[in-house]
file model.cif (mmCIF, C-alpha atoms and all ligand atoms)
data_upload
#
loop_
_atom_site.group_PDB
_atom_site.id
_atom_site.type_symbol
_atom_site.label_atom_id
_atom_site.label_comp_id
_atom_site.auth_asym_id
_atom_site.auth_seq_id
_atom_site.Cartn_x
_atom_site.Cartn_y
_atom_site.Cartn_z
ATOM 1 C CA MET A 1 -39.878 -19.431 10.674
ATOM 2 C CA ALA A 2 -41.652 -16.203 9.734
ATOM 3 C CA ALA A 3 -40.296 -14.553 6.578
ATOM 4 C CA ARG A 4 -38.441 -11.328 7.257
ATOM 5 C CA SER A 5 -40.494 -8.344 6.128
ATOM 6 C CA PHE A 6 -38.976 -5.975 3.569
ATOM 7 C CA GLY A 7 -41.876 -3.545 3.455
ATOM 8 C CA PRO A 8 -43.168 -1.091 3.047
ATOM 9 C CA VAL A 9 -43.083 -0.982 -0.721
ATOM 10 C CA ILE A 10 -45.716 -0.081 -3.295
ATOM 11 C CA VAL A 11 -45.823 -0.333 -7.090
ATOM 12 C CA VAL A 12 -48.455 1.345 -9.274
ATOM 13 C CA HIS A 13 -49.257 1.080 -13.001
ATOM 14 C CA GLY A 14 -51.297 3.356 -15.239
ATOM 15 C CA GLY A 15 -52.145 0.889 -18.003
ATOM 16 C CA ALA A 16 -50.300 -0.805 -20.855
ATOM 17 C CA GLY A 17 -50.616 0.397 -24.433
ATOM 18 C CA LYS A 18 -49.705 3.512 -26.364
ATOM 19 C CA VAL A 19 -50.082 6.903 -24.698
ATOM 20 C CA ALA A 20 -51.089 10.051 -26.605
ATOM 21 C CA PRO A 21 -48.038 12.397 -26.442
ATOM 22 C CA ASP A 22 -49.922 15.165 -24.630
ATOM 23 C CA LEU A 23 -50.787 12.762 -21.792
ATOM 24 C CA VAL A 24 -47.335 11.322 -21.085
ATOM 25 C CA GLU A 25 -46.237 13.930 -18.522
ATOM 26 C CA VAL A 26 -49.682 14.258 -16.954
ATOM 27 C CA ARG A 27 -49.800 10.535 -16.394
ATOM 28 C CA ARG A 28 -46.300 10.441 -14.944
ATOM 29 C CA ALA A 29 -47.394 13.051 -12.415
ATOM 30 C CA GLY A 30 -50.514 11.018 -11.615
ATOM 31 C CA ILE A 31 -48.564 7.811 -11.060
ATOM 32 C CA ARG A 32 -46.061 9.664 -8.894
ATOM 33 C CA ALA A 33 -48.872 11.092 -6.749
ATOM 34 C CA ALA A 34 -50.554 7.691 -6.417
ATOM 35 C CA VAL A 35 -47.442 5.861 -5.295
ATOM 36 C CA THR A 36 -46.487 8.648 -2.891
ATOM 37 C CA ASN A 37 -49.962 8.646 -1.313
ATOM 38 C CA GLY A 38 -49.753 4.880 -0.931
ATOM 39 C CA LEU A 39 -46.327 5.004 0.706
ATOM 40 C CA GLN A 40 -47.435 7.708 3.128
ATOM 41 C CA LEU A 41 -50.132 5.399 4.399
ATOM 42 C CA LEU A 42 -47.711 2.485 4.668
ATOM 43 C CA THR A 43 -45.063 4.423 6.581
ATOM 44 C CA ALA A 44 -47.743 5.645 8.987
ATOM 45 C CA GLY A 45 -48.483 1.978 9.748
ATOM 46 C CA GLY A 46 -51.360 1.541 7.287
ATOM 47 C CA SER A 47 -52.095 -1.853 5.790
ATOM 48 C CA ALA A 48 -51.243 -2.990 2.264
ATOM 49 C CA VAL A 49 -54.987 -3.049 1.525
ATOM 50 C CA GLU A 50 -55.381 0.582 2.578
ATOM 51 C CA ALA A 51 -52.350 1.566 0.498
ATOM 52 C CA VAL A 52 -53.466 -0.080 -2.753
ATOM 53 C CA GLU A 53 -56.974 1.309 -2.281
ATOM 54 C CA GLN A 54 -55.593 4.816 -1.760
ATOM 55 C CA ALA A 55 -53.211 4.583 -4.739
ATOM 56 C CA VAL A 56 -55.934 3.343 -7.076
ATOM 57 C CA LYS A 57 -58.417 5.921 -5.769
ATOM 58 C CA THR A 58 -55.883 8.677 -6.543
ATOM 59 C CA LEU A 59 -55.794 7.527 -10.174
ATOM 60 C CA GLU A 60 -59.577 7.042 -10.393
ATOM 61 C CA ASP A 61 -59.899 10.722 -9.447
ATOM 62 C CA ASP A 62 -57.398 11.726 -12.146
ATOM 63 C CA PRO A 63 -59.138 12.211 -15.535
ATOM 64 C CA ALA A 64 -55.951 11.259 -17.413
ATOM 65 C CA PHE A 65 -56.559 7.573 -16.590
ATOM 66 C CA ASN A 66 -59.162 5.126 -17.818
ATOM 67 C CA ALA A 67 -60.655 4.438 -14.389
ATOM 68 C CA GLY A 68 -63.332 6.237 -12.383
ATOM 69 C CA ARG A 69 -63.402 9.800 -13.759
ATOM 70 C CA GLY A 70 -61.986 9.676 -17.291
ATOM 71 C CA ALA A 71 -63.081 6.100 -18.028
ATOM 72 C CA CYS A 72 -63.704 5.175 -21.657
ATOM 73 C CA LEU A 73 -67.206 4.653 -23.028
ATOM 74 C CA ASN A 74 -68.832 1.444 -24.187
ATOM 75 C CA ARG A 75 -70.575 0.893 -27.549
ATOM 76 C CA ASP A 76 -73.700 2.691 -26.289
ATOM 77 C CA GLY A 77 -71.732 5.717 -25.080
ATOM 78 C CA GLU A 78 -72.073 4.730 -21.427
ATOM 79 C CA ILE A 79 -69.532 4.157 -18.700
ATOM 80 C CA GLU A 80 -69.319 0.701 -17.105
ATOM 81 C CA LEU A 81 -66.600 0.311 -14.507
ATOM 82 C CA ASP A 82 -64.798 -2.786 -13.196
ATOM 83 C CA ALA A 83 -62.567 -3.035 -10.134
ATOM 84 C CA SER A 84 -61.203 -5.566 -7.664
ATOM 85 C CA ILE A 85 -59.066 -5.767 -4.546
ATOM 86 C CA MET A 86 -57.472 -8.646 -2.657
ATOM 87 C CA ASP A 87 -55.879 -9.007 0.770
ATOM 88 C CA GLY A 88 -52.949 -11.426 0.731
ATOM 89 C CA ARG A 89 -53.190 -11.882 4.509
ATOM 90 C CA ASN A 90 -56.337 -14.005 4.390
ATOM 91 C CA LEU A 91 -57.233 -14.223 0.661
ATOM 92 C CA ALA A 92 -60.245 -11.953 1.247
ATOM 93 C CA ALA A 93 -61.342 -10.437 -2.057
ATOM 94 C CA GLY A 94 -63.983 -8.068 -3.414
ATOM 95 C CA ALA A 95 -64.899 -7.004 -6.929
ATOM 96 C CA ILE A 96 -67.502 -5.074 -8.885
ATOM 97 C CA GLY A 97 -68.344 -5.224 -12.576
ATOM 98 C CA ALA A 98 -70.191 -2.955 -15.016
ATOM 99 C CA VAL A 99 -71.162 -0.307 -12.451
ATOM 100 C CA LYS A 100 -72.329 2.980 -13.932
ATOM 101 C CA ARG A 101 -72.435 5.777 -11.385
ATOM 102 C CA ILE A 102 -69.702 5.112 -8.837
ATOM 103 C CA ALA A 103 -66.838 7.618 -8.655
ATOM 104 C CA ASN A 104 -64.428 5.279 -6.862
ATOM 105 C CA PRO A 105 -65.047 1.673 -7.863
ATOM 106 C CA VAL A 106 -62.052 0.463 -5.818
ATOM 107 C CA MET A 107 -63.767 1.677 -2.633
ATOM 108 C CA LEU A 108 -66.895 -0.238 -3.572
ATOM 109 C CA ALA A 109 -64.796 -3.342 -4.293
ATOM 110 C CA ARG A 110 -63.218 -3.000 -0.860
ATOM 111 C CA ALA A 111 -66.656 -2.674 0.754
ATOM 112 C CA VAL A 112 -67.677 -5.904 -1.025
ATOM 113 C CA MET A 113 -64.548 -7.566 0.370
ATOM 114 C CA GLU A 114 -65.143 -6.297 3.910
ATOM 115 C CA ALA A 115 -68.782 -7.514 3.819
ATOM 116 C CA GLY A 116 -67.426 -11.049 3.467
ATOM 117 C CA GLY A 117 -70.282 -12.411 1.317
ATOM 118 C CA PRO A 118 -70.199 -12.553 -2.479
ATOM 119 C CA VAL A 119 -66.803 -11.771 -3.996
ATOM 120 C CA LEU A 120 -68.166 -10.188 -7.206
ATOM 121 C CA LEU A 121 -71.226 -7.946 -7.602
ATOM 122 C CA VAL A 122 -72.255 -6.544 -10.998
ATOM 123 C CA GLY A 123 -74.616 -3.975 -12.494
ATOM 124 C CA GLU A 124 -77.756 -3.006 -10.578
ATOM 125 C CA GLY A 125 -76.988 -5.326 -7.665
ATOM 126 C CA ALA A 126 -73.648 -3.634 -7.139
ATOM 127 C CA GLY A 127 -75.467 -0.270 -7.159
ATOM 128 C CA GLN A 128 -77.913 -1.511 -4.519
ATOM 129 C CA PHE A 129 -75.028 -2.762 -2.393
ATOM 130 C CA ALA A 130 -73.314 0.642 -2.717
ATOM 131 C CA ALA A 131 -76.450 2.380 -1.425
ATOM 132 C CA ALA A 132 -76.706 -0.093 1.455
ATOM 133 C CA VAL A 133 -73.137 0.593 2.625
ATOM 134 C CA GLY A 134 -73.438 4.360 2.184
ATOM 135 C CA ILE A 135 -71.405 4.828 -1.010
ATOM 136 C CA ALA A 136 -73.310 7.508 -2.899
ATOM 137 C CA GLU A 137 -73.940 7.377 -6.638
ATOM 138 C CA CYS A 138 -72.504 10.207 -8.722
ATOM 139 C CA GLY A 139 -73.829 11.795 -11.899
ATOM 140 C CA VAL A 140 -72.509 10.435 -15.197
ATOM 141 C CA ASP A 141 -71.229 13.934 -15.973
ATOM 142 C CA VAL A 142 -68.749 13.574 -13.132
ATOM 143 C CA LEU A 143 -67.277 10.472 -14.786
ATOM 144 C CA ILE A 144 -67.414 11.252 -18.513
ATOM 145 C CA THR A 145 -64.692 13.612 -19.679
ATOM 146 C CA LYS A 146 -64.781 15.625 -22.903
ATOM 147 C CA ARG A 147 -61.807 13.657 -24.163
ATOM 148 C CA GLN A 148 -63.498 10.277 -23.744
ATOM 149 C CA ARG A 149 -66.779 11.552 -25.210
ATOM 150 C CA ALA A 150 -64.847 12.792 -28.262
ATOM 151 C CA ARG A 151 -63.024 9.467 -28.655
ATOM 152 C CA TRP A 152 -66.337 7.646 -28.551
ATOM 153 C CA ALA A 153 -68.033 10.089 -30.935
ATOM 154 C CA THR A 154 -65.372 9.709 -33.579
ATOM 155 C CA MET A 155 -65.261 5.938 -32.967
ATOM 156 C CA ARG A 156 -61.527 6.049 -33.403
ATOM 157 C CA GLU A 157 -60.206 2.537 -33.744
ATOM 158 C CA ASP A 158 -56.625 3.472 -34.491
ATOM 159 C CA ASN A 159 -55.552 2.765 -30.923
ATOM 160 C CA ALA A 160 -53.734 6.099 -30.811
ATOM 161 C CA GLU A 161 -54.568 6.170 -27.141
ATOM 162 C CA SER A 162 -55.570 2.901 -25.614
ATOM 163 C CA VAL A 163 -54.262 2.899 -22.072
ATOM 164 C CA GLY A 164 -55.212 3.980 -18.615
ATOM 165 C CA THR A 165 -56.408 1.049 -16.518
ATOM 166 C CA VAL A 166 -54.811 1.485 -13.117
ATOM 167 C CA GLY A 167 -53.486 -0.948 -10.534
ATOM 168 C CA ALA A 168 -51.332 -1.225 -7.441
ATOM 169 C CA VAL A 169 -49.538 -3.865 -5.382
ATOM 170 C CA ALA A 170 -48.131 -3.253 -1.912
ATOM 171 C CA LEU A 171 -46.247 -4.890 0.949
ATOM 172 C CA ASP A 172 -46.825 -3.348 4.369
ATOM 173 C CA ARG A 173 -44.625 -3.183 7.453
ATOM 174 C CA THR A 174 -46.129 -6.316 8.907
ATOM 175 C CA GLY A 175 -45.257 -8.314 5.778
ATOM 176 C CA HIS A 176 -48.762 -8.486 4.303
ATOM 177 C CA LEU A 177 -49.441 -8.074 0.589
ATOM 178 C CA ALA A 178 -52.416 -6.645 -1.321
ATOM 179 C CA ALA A 179 -53.376 -5.852 -4.910
ATOM 180 C CA ALA A 180 -56.067 -3.722 -6.570
ATOM 181 C CA THR A 181 -57.067 -2.859 -10.146
ATOM 182 C CA SER A 182 -59.665 -0.462 -11.615
ATOM 183 C CA THR A 183 -60.755 0.299 -15.182
ATOM 184 C CA GLY A 184 -63.334 1.639 -17.575
ATOM 185 C CA GLY A 185 -62.448 -1.354 -19.785
ATOM 186 C CA LEU A 186 -62.051 -1.084 -23.536
ATOM 187 C CA LEU A 187 -63.377 1.721 -25.734
ATOM 188 C CA LEU A 188 -66.554 0.584 -27.555
ATOM 189 C CA LYS A 189 -66.812 -2.597 -25.505
ATOM 190 C CA ALA A 190 -70.136 -4.435 -25.584
ATOM 191 C CA PRO A 191 -72.578 -3.257 -22.915
ATOM 192 C CA GLY A 192 -72.440 -5.721 -20.020
ATOM 193 C CA ARG A 193 -68.931 -6.883 -20.880
ATOM 194 C CA VAL A 194 -66.882 -7.453 -17.721
ATOM 195 C CA GLY A 195 -63.109 -7.695 -18.121
ATOM 196 C CA ASP A 196 -60.180 -9.102 -16.192
ATOM 197 C CA SER A 197 -59.970 -6.123 -13.827
ATOM 198 C CA ALA A 198 -63.064 -7.400 -12.010
ATOM 199 C CA LEU A 199 -61.905 -11.000 -11.891
ATOM 200 C CA ILE A 200 -59.797 -12.332 -9.029
ATOM 201 C CA GLY A 201 -56.946 -14.436 -10.388
ATOM 202 C CA CYS A 202 -57.112 -12.712 -13.777
ATOM 203 C CA GLY A 203 -56.527 -8.948 -13.341
ATOM 204 C CA THR A 204 -55.786 -9.013 -9.605
ATOM 205 C CA TYR A 205 -54.371 -11.486 -7.079
ATOM 206 C CA ALA A 206 -52.625 -11.321 -3.705
ATOM 207 C CA ASP A 207 -51.447 -14.102 -1.427
ATOM 208 C CA ASP A 208 -48.894 -13.572 1.339
ATOM 209 C CA GLN A 209 -47.443 -16.990 0.556
ATOM 210 C CA ARG A 210 -46.802 -16.076 -3.086
ATOM 211 C CA GLY A 211 -46.965 -12.398 -4.016
ATOM 212 C CA ALA A 212 -49.292 -9.749 -5.417
ATOM 213 C CA ALA A 213 -50.124 -8.913 -9.043
ATOM 214 C CA SER A 214 -52.141 -6.410 -11.083
ATOM 215 C CA CYS A 215 -52.621 -6.727 -14.848
ATOM 216 C CA THR A 216 -53.586 -4.452 -17.720
ATOM 217 C CA GLY A 217 -54.274 -4.869 -21.416
ATOM 218 C CA ASP A 218 -56.537 -7.123 -23.455
ATOM 219 C CA GLY A 219 -58.934 -8.392 -20.798
ATOM 220 C CA GLU A 220 -60.171 -11.384 -22.760
ATOM 221 C CA ALA A 221 -56.618 -12.700 -23.202
ATOM 222 C CA ILE A 222 -55.765 -12.042 -19.537
ATOM 223 C CA ILE A 223 -58.858 -13.985 -18.448
ATOM 224 C CA LYS A 224 -58.000 -16.979 -20.654
ATOM 225 C CA LEU A 225 -54.586 -17.337 -19.044
ATOM 226 C CA ALA A 226 -55.669 -16.209 -15.526
ATOM 227 C CA LEU A 227 -52.596 -14.038 -15.848
ATOM 228 C CA ALA A 228 -52.231 -12.679 -12.287
ATOM 229 C CA LYS A 229 -52.418 -16.130 -10.691
ATOM 230 C CA THR A 230 -50.286 -17.698 -13.414
ATOM 231 C CA ALA A 231 -47.518 -15.150 -12.820
ATOM 232 C CA LEU A 232 -47.634 -15.759 -9.062
ATOM 233 C CA GLU A 233 -47.350 -19.498 -9.603
ATOM 234 C CA PHE A 234 -44.138 -18.859 -11.528
ATOM 235 C CA LEU A 235 -42.938 -16.894 -8.488
ATOM 236 C CA GLN A 236 -43.674 -19.800 -6.217
ATOM 237 C CA ASN A 237 -41.442 -21.968 -8.337
ATOM 238 C CA GLY A 238 -38.468 -19.884 -7.243
ATOM 239 C CA GLU A 239 -38.239 -17.344 -10.061
ATOM 240 C CA ASP A 240 -37.553 -13.762 -9.157
ATOM 241 C CA PRO A 241 -40.486 -11.391 -9.804
ATOM 242 C CA MET A 242 -38.947 -9.774 -12.880
ATOM 243 C CA ALA A 243 -38.401 -13.200 -14.483
ATOM 244 C CA ALA A 244 -41.896 -14.360 -13.434
ATOM 245 C CA ALA A 245 -43.531 -11.241 -14.927
ATOM 246 C CA ARG A 246 -41.614 -11.665 -18.189
ATOM 247 C CA ARG A 247 -42.423 -15.354 -18.385
ATOM 248 C CA ALA A 248 -46.146 -14.700 -17.811
ATOM 249 C CA VAL A 249 -46.296 -12.006 -20.497
ATOM 250 C CA GLY A 250 -44.158 -14.168 -22.799
ATOM 251 C CA GLU A 251 -46.488 -17.125 -22.408
ATOM 252 C CA LEU A 252 -49.538 -14.978 -23.131
ATOM 253 C CA THR A 253 -47.838 -13.453 -26.168
ATOM 254 C CA ALA A 254 -46.885 -16.862 -27.536
ATOM 255 C CA ARG A 255 -50.211 -18.564 -26.921
ATOM 256 C CA ILE A 256 -52.748 -15.774 -27.504
ATOM 257 C CA GLY A 257 -50.818 -12.897 -29.048
ATOM 258 C CA ALA A 258 -52.582 -10.010 -27.299
ATOM 259 C CA GLU A 259 -51.204 -6.828 -25.730
ATOM 260 C CA VAL A 260 -50.785 -6.922 -21.949
ATOM 261 C CA GLY A 261 -48.720 -5.746 -19.005
ATOM 262 C CA ILE A 262 -48.313 -6.803 -15.371
ATOM 263 C CA ILE A 263 -46.767 -5.585 -12.120
ATOM 264 C CA LEU A 264 -45.693 -8.019 -9.397
ATOM 265 C CA LEU A 265 -44.388 -7.881 -5.870
ATOM 266 C CA ASP A 266 -43.139 -10.872 -3.903
ATOM 267 C CA ARG A 267 -43.246 -11.330 -0.144
ATOM 268 C CA TYR A 268 -39.689 -10.032 0.175
ATOM 269 C CA GLY A 269 -40.633 -6.760 -1.528
ATOM 270 C CA ARG A 270 -38.916 -7.627 -4.808
ATOM 271 C CA ILE A 271 -40.542 -6.013 -7.827
ATOM 272 C CA GLY A 272 -41.427 -7.439 -11.229
ATOM 273 C CA MET A 273 -42.916 -5.752 -14.256
ATOM 274 C CA ALA A 274 -43.314 -6.721 -17.899
ATOM 275 C CA ARG A 275 -45.257 -5.601 -20.945
ATOM 276 C CA ASN A 276 -45.408 -6.414 -24.637
ATOM 277 C CA THR A 277 -46.816 -2.961 -25.466
ATOM 278 C CA ALA A 278 -45.129 0.305 -26.408
ATOM 279 C CA GLN A 279 -45.617 1.739 -22.928
ATOM 280 C CA MET A 280 -46.791 0.989 -19.404
ATOM 281 C CA ALA A 281 -46.282 3.839 -16.983
ATOM 282 C CA CYS A 282 -45.240 2.454 -13.586
ATOM 283 C CA ALA A 283 -43.793 3.814 -10.387
ATOM 284 C CA CYS A 284 -42.424 2.157 -7.297
ATOM 285 C CA ILE A 285 -41.342 3.502 -3.957
ATOM 286 C CA ARG A 286 -40.066 1.750 -0.854
ATOM 287 C CA ASN A 287 -39.370 2.487 2.778
ATOM 288 C CA ASP A 288 -38.347 6.095 3.268
ATOM 289 C CA ASN A 289 -37.215 6.802 -0.281
ATOM 290 C CA ALA A 290 -37.950 10.423 -0.981
ATOM 291 C CA ASP A 291 -38.607 9.941 -4.671
ATOM 292 C CA PRO A 292 -40.453 7.251 -6.556
ATOM 293 C CA GLU A 293 -38.701 5.391 -9.358
ATOM 294 C CA LEU A 294 -40.609 5.891 -12.609
ATOM 295 C CA PHE A 295 -40.734 3.499 -15.571
ATOM 296 C CA ASP A 296 -42.390 3.905 -18.981
HETATM 297 N N1 LIG A 301 -57.732 -4.946 -18.879
HETATM 298 C C1 LIG A 301 -58.745 -3.953 -19.115
HETATM 299 C C2 LIG A 301 -59.971 -4.618 -19.672
HETATM 300 O O1 LIG A 301 -59.840 -5.442 -20.562
HETATM 301 C C3 LIG A 301 -58.339 -2.872 -20.089
HETATM 302 C C4 LIG A 301 -56.927 -2.331 -19.945
HETATM 303 O O2 LIG A 301 -56.186 -2.708 -19.058
HETATM 304 O O3 LIG A 301 -56.561 -1.450 -20.751
HETATM 305 O O4 LIG A 301 -61.053 -4.287 -19.254
#
call {"tool": "encode", "arguments": {"input": "model.cif", "output": "structure tokens"}}
result
Amino acid sequence: MAARSFGPVIVVHGGAGKVAPDLVEVRRAGIRAAVTNGLQLLTAGGSAVEAVEQAVKTLEDDPAFNAGRGACLNRDGEIELDASIMDGRNLAAGAIGAVKRIANPVMLARAVMEAGGPVLLVGEGAGQFAAAVGIAECGVDVLITKRQRARWATMREDNAESVGTVGAVALDRTGHLAAATSTGGLLLKAPGRVGDSALIGCGTYADDQRGAASCTGDGEAIIKLALAKTALEFLQNGEDPMAAARRAVGELTARIGAEVGIILLDRYGRIGMARNTAQMACACIRNDNADPELFD
């Protein structure tokens, strides 16, 4: 018997960590805009994939988040972006790692998914693929904000502001799930380092039979526990999404001890979120709700 659909619903996060006080309100507004844009698409009959892409793109365009424009810089003072997207309907997935001049990495990840060949393209090869599918390169000046350049220049390691990876999970009207994640990674990361946000099963996963997940935080720890897939396996064992999210973060905390956060959605549209950090801005909106629910 087909599962009853409870969509549309969409949940968005703006990264786990500690937000600089002057960015708290700006980020809330960004998350609100992202989730509202995603819901608009869903209520108009758009797919979960289109909705998560649109929500993540909204935040990539917002310089207050560490994704697309506003991404943090690596050790060499360059931007290297990671992103991924997955369609729970058929397990199609696409991802890009360490790309330098792409304004909307989530759109490139989706193009990789739609092409149906390799799941993950990195560096120069990803740039060549972008040119082949008509996604234009942008100048680095479009991506690097004054704020991120200043953070890099002072090499601040006090973690006063360490958040901003973005992600979304959605359930559409036809009962299909999708997830997407996009990031500039970690400030001062090694050139060529690719984090969890580009890795299916780690930062992003969606499967109509289980649920959808997007992670944020210490990418190396998330990779070691394949956190997105691990959390969805807890869901499959009958836990509700809130309990599954907490258990996944709890297990990572106990075994690795790093800072992370996760958002989850199950196939009935039930939401889960958990973090072991000071903050993780999230918003969710369902059906015809006029206003998104916001969480810090
Ligand atoms: N997970 C991202 C990475 O390690 C960073 C973050 O979410 O803050 O690349």
call {"tool": "closest_atom_pairs", "arguments": {"input": "model.cif", "of": "chain A", "to": "ligand LIG 301 (chain A)", "cutoff": "9 Å", "atoms": "only C-alpha atoms and all ligand atoms", "output": "tab-separated table"}}
result
residue	atom	partner	partner_atom	distance
A:Gly14	CA	A:LIG301	O2	8.7
A:Gly15	CA	A:LIG301	O2	5.5
A:Ala16	CA	A:LIG301	O3	6.3
A:Gly17	CA	A:LIG301	O3	7.2
A:Asn66	CA	A:LIG301	O3	7.7
A:Leu81	CA	A:LIG301	O4	8.6
A:Asp82	CA	A:LIG301	O4	7.3
A:Ser162	CA	A:LIG301	O3	6.6
A:Val163	CA	A:LIG301	O3	5.1
A:Gly164	CA	A:LIG301	O3	6.0
A:Thr165	CA	A:LIG301	O2	4.5
A:Val166	CA	A:LIG301	O2	7.4
A:Thr181	CA	A:LIG301	O2	9.0
A:Ser182	CA	A:LIG301	C1	8.3
A:Thr183	CA	A:LIG301	C1	6.1
A:Gly184	CA	A:LIG301	O4	6.6
A:Gly185	CA	A:LIG301	O4	3.3
A:Leu186	CA	A:LIG301	C3	5.4
A:Leu187	CA	A:LIG301	C3	8.9
A:Lys189	CA	A:LIG301	O4	8.7
A:Arg193	CA	A:LIG301	O4	8.5
A:Val194	CA	A:LIG301	O4	6.8
A:Gly195	CA	A:LIG301	O4	4.1
A:Asp196	CA	A:LIG301	N1	5.5
A:Ser197	CA	A:LIG301	N1	5.6
A:Ala198	CA	A:LIG301	O4	8.1
A:Gly203	CA	A:LIG301	N1	6.9
A:Cys215	CA	A:LIG301	N1	6.7
A:Thr216	CA	A:LIG301	O2	3.4
A:Gly217	CA	A:LIG301	O2	3.7
A:Asp218	CA	A:LIG301	O1	4.7
A:Gly219	CA	A:LIG301	O1	3.1
A:Glu220	CA	A:LIG301	O1	6.3
A:Ala221	CA	A:LIG301	O1	8.4
A:Ile222	CA	A:LIG301	N1	7.4
A:Ile223	CA	A:LIG301	O1	8.9
A:Val260	CA	A:LIG301	O2	7.4
A:Gly261	CA	A:LIG301	O2	8.1
call {"tool": "write_last_selection", "arguments": {"input": "model.cif", "atoms": "C-alpha atoms", "output": "PDB file, in the frame of the given file"}}
result
ATOM      1  CA  GLY A  14     -51.297   3.356 -15.239  1.00  0.00           C
ATOM      2  CA  GLY A  15     -52.145   0.889 -18.003  1.00  0.00           C
ATOM      3  CA  ALA A  16     -50.300  -0.805 -20.855  1.00  0.00           C
ATOM      4  CA  GLY A  17     -50.616   0.397 -24.433  1.00  0.00           C
ATOM      5  CA  ASN A  66     -59.162   5.126 -17.818  1.00  0.00           C
ATOM      6  CA  LEU A  81     -66.600   0.311 -14.507  1.00  0.00           C
ATOM      7  CA  ASP A  82     -64.798  -2.786 -13.196  1.00  0.00           C
ATOM      8  CA  SER A 162     -55.570   2.901 -25.614  1.00  0.00           C
ATOM      9  CA  VAL A 163     -54.262   2.899 -22.072  1.00  0.00           C
ATOM     10  CA  GLY A 164     -55.212   3.980 -18.615  1.00  0.00           C
ATOM     11  CA  THR A 165     -56.408   1.049 -16.518  1.00  0.00           C
ATOM     12  CA  VAL A 166     -54.811   1.485 -13.117  1.00  0.00           C
ATOM     13  CA  THR A 181     -57.067  -2.859 -10.146  1.00  0.00           C
ATOM     14  CA  SER A 182     -59.665  -0.462 -11.615  1.00  0.00           C
ATOM     15  CA  THR A 183     -60.755   0.299 -15.182  1.00  0.00           C
ATOM     16  CA  GLY A 184     -63.334   1.639 -17.575  1.00  0.00           C
ATOM     17  CA  GLY A 185     -62.448  -1.354 -19.785  1.00  0.00           C
ATOM     18  CA  LEU A 186     -62.051  -1.084 -23.536  1.00  0.00           C
ATOM     19  CA  LEU A 187     -63.377   1.721 -25.734  1.00  0.00           C
ATOM     20  CA  LYS A 189     -66.812  -2.597 -25.505  1.00  0.00           C
ATOM     21  CA  ARG A 193     -68.931  -6.883 -20.880  1.00  0.00           C
ATOM     22  CA  VAL A 194     -66.882  -7.453 -17.721  1.00  0.00           C
ATOM     23  CA  GLY A 195     -63.109  -7.695 -18.121  1.00  0.00           C
ATOM     24  CA  ASP A 196     -60.180  -9.102 -16.192  1.00  0.00           C
ATOM     25  CA  SER A 197     -59.970  -6.123 -13.827  1.00  0.00           C
ATOM     26  CA  ALA A 198     -63.064  -7.400 -12.010  1.00  0.00           C
ATOM     27  CA  GLY A 203     -56.527  -8.948 -13.341  1.00  0.00           C
ATOM     28  CA  CYS A 215     -52.621  -6.727 -14.848  1.00  0.00           C
ATOM     29  CA  THR A 216     -53.586  -4.452 -17.720  1.00  0.00           C
ATOM     30  CA  GLY A 217     -54.274  -4.869 -21.416  1.00  0.00           C
ATOM     31  CA  ASP A 218     -56.537  -7.123 -23.455  1.00  0.00           C
ATOM     32  CA  GLY A 219     -58.934  -8.392 -20.798  1.00  0.00           C
ATOM     33  CA  GLU A 220     -60.171 -11.384 -22.760  1.00  0.00           C
ATOM     34  CA  ALA A 221     -56.618 -12.700 -23.202  1.00  0.00           C
ATOM     35  CA  ILE A 222     -55.765 -12.042 -19.537  1.00  0.00           C
ATOM     36  CA  ILE A 223     -58.858 -13.985 -18.448  1.00  0.00           C
ATOM     37  CA  VAL A 260     -50.785  -6.922 -21.949  1.00  0.00           C
ATOM     38  CA  GLY A 261     -48.720  -5.746 -19.005  1.00  0.00           C
TER      39      GLY A 261
END
call {"tool": "closest_residue", "arguments": {"input": "model.cif", "among": "A:Arg247, A:Arg75, A:Lys100, A:Lys57", "to": "Pro191 in chain A", "atoms": "only C-alpha atoms"}}
result
A:Arg75
call {"tool": "residues_around", "arguments": {"input": "model.cif", "residues": "Ser47 in chain A", "least_positions_apart": "4", "cutoff": "10 Å", "atoms": "all atoms listed in the file", "output": "PDB file with C-alpha atoms, in the coordinates of the input"}}
result
ATOM      1  CA  PRO A   8     -43.168  -1.091   3.047  1.00  0.00           C
ATOM      2  CA  GLY A  38     -49.753   4.880  -0.931  1.00  0.00           C
ATOM      3  CA  LEU A  41     -50.132   5.399   4.399  1.00  0.00           C
ATOM      4  CA  LEU A  42     -47.711   2.485   4.668  1.00  0.00           C
ATOM      5  CA  THR A  43     -45.063   4.423   6.581  1.00  0.00           C
ATOM      6  CA  ALA A  51     -52.350   1.566   0.498  1.00  0.00           C
ATOM      7  CA  VAL A  52     -53.466  -0.080  -2.753  1.00  0.00           C
ATOM      8  CA  GLU A  53     -56.974   1.309  -2.281  1.00  0.00           C
ATOM      9  CA  ASP A  87     -55.879  -9.007   0.770  1.00  0.00           C
ATOM     10  CA  ALA A 170     -48.131  -3.253  -1.912  1.00  0.00           C
ATOM     11  CA  LEU A 171     -46.247  -4.890   0.949  1.00  0.00           C
ATOM     12  CA  ASP A 172     -46.825  -3.348   4.369  1.00  0.00           C
ATOM     13  CA  ARG A 173     -44.625  -3.183   7.453  1.00  0.00           C
ATOM     14  CA  THR A 174     -46.129  -6.316   8.907  1.00  0.00           C
ATOM     15  CA  GLY A 175     -45.257  -8.314   5.778  1.00  0.00           C
ATOM     16  CA  HIS A 176     -48.762  -8.486   4.303  1.00  0.00           C
ATOM     17  CA  LEU A 177     -49.441  -8.074   0.589  1.00  0.00           C
ATOM     18  CA  ALA A 178     -52.416  -6.645  -1.321  1.00  0.00           C
TER      19      ALA A 178
END
call {"tool": "atom_distance", "arguments": {"input": "model.cif", "atom1": "CA of Leu232 in chain A", "atom2": "CA of Gly7 in chain A"}}
result
18.4 Å
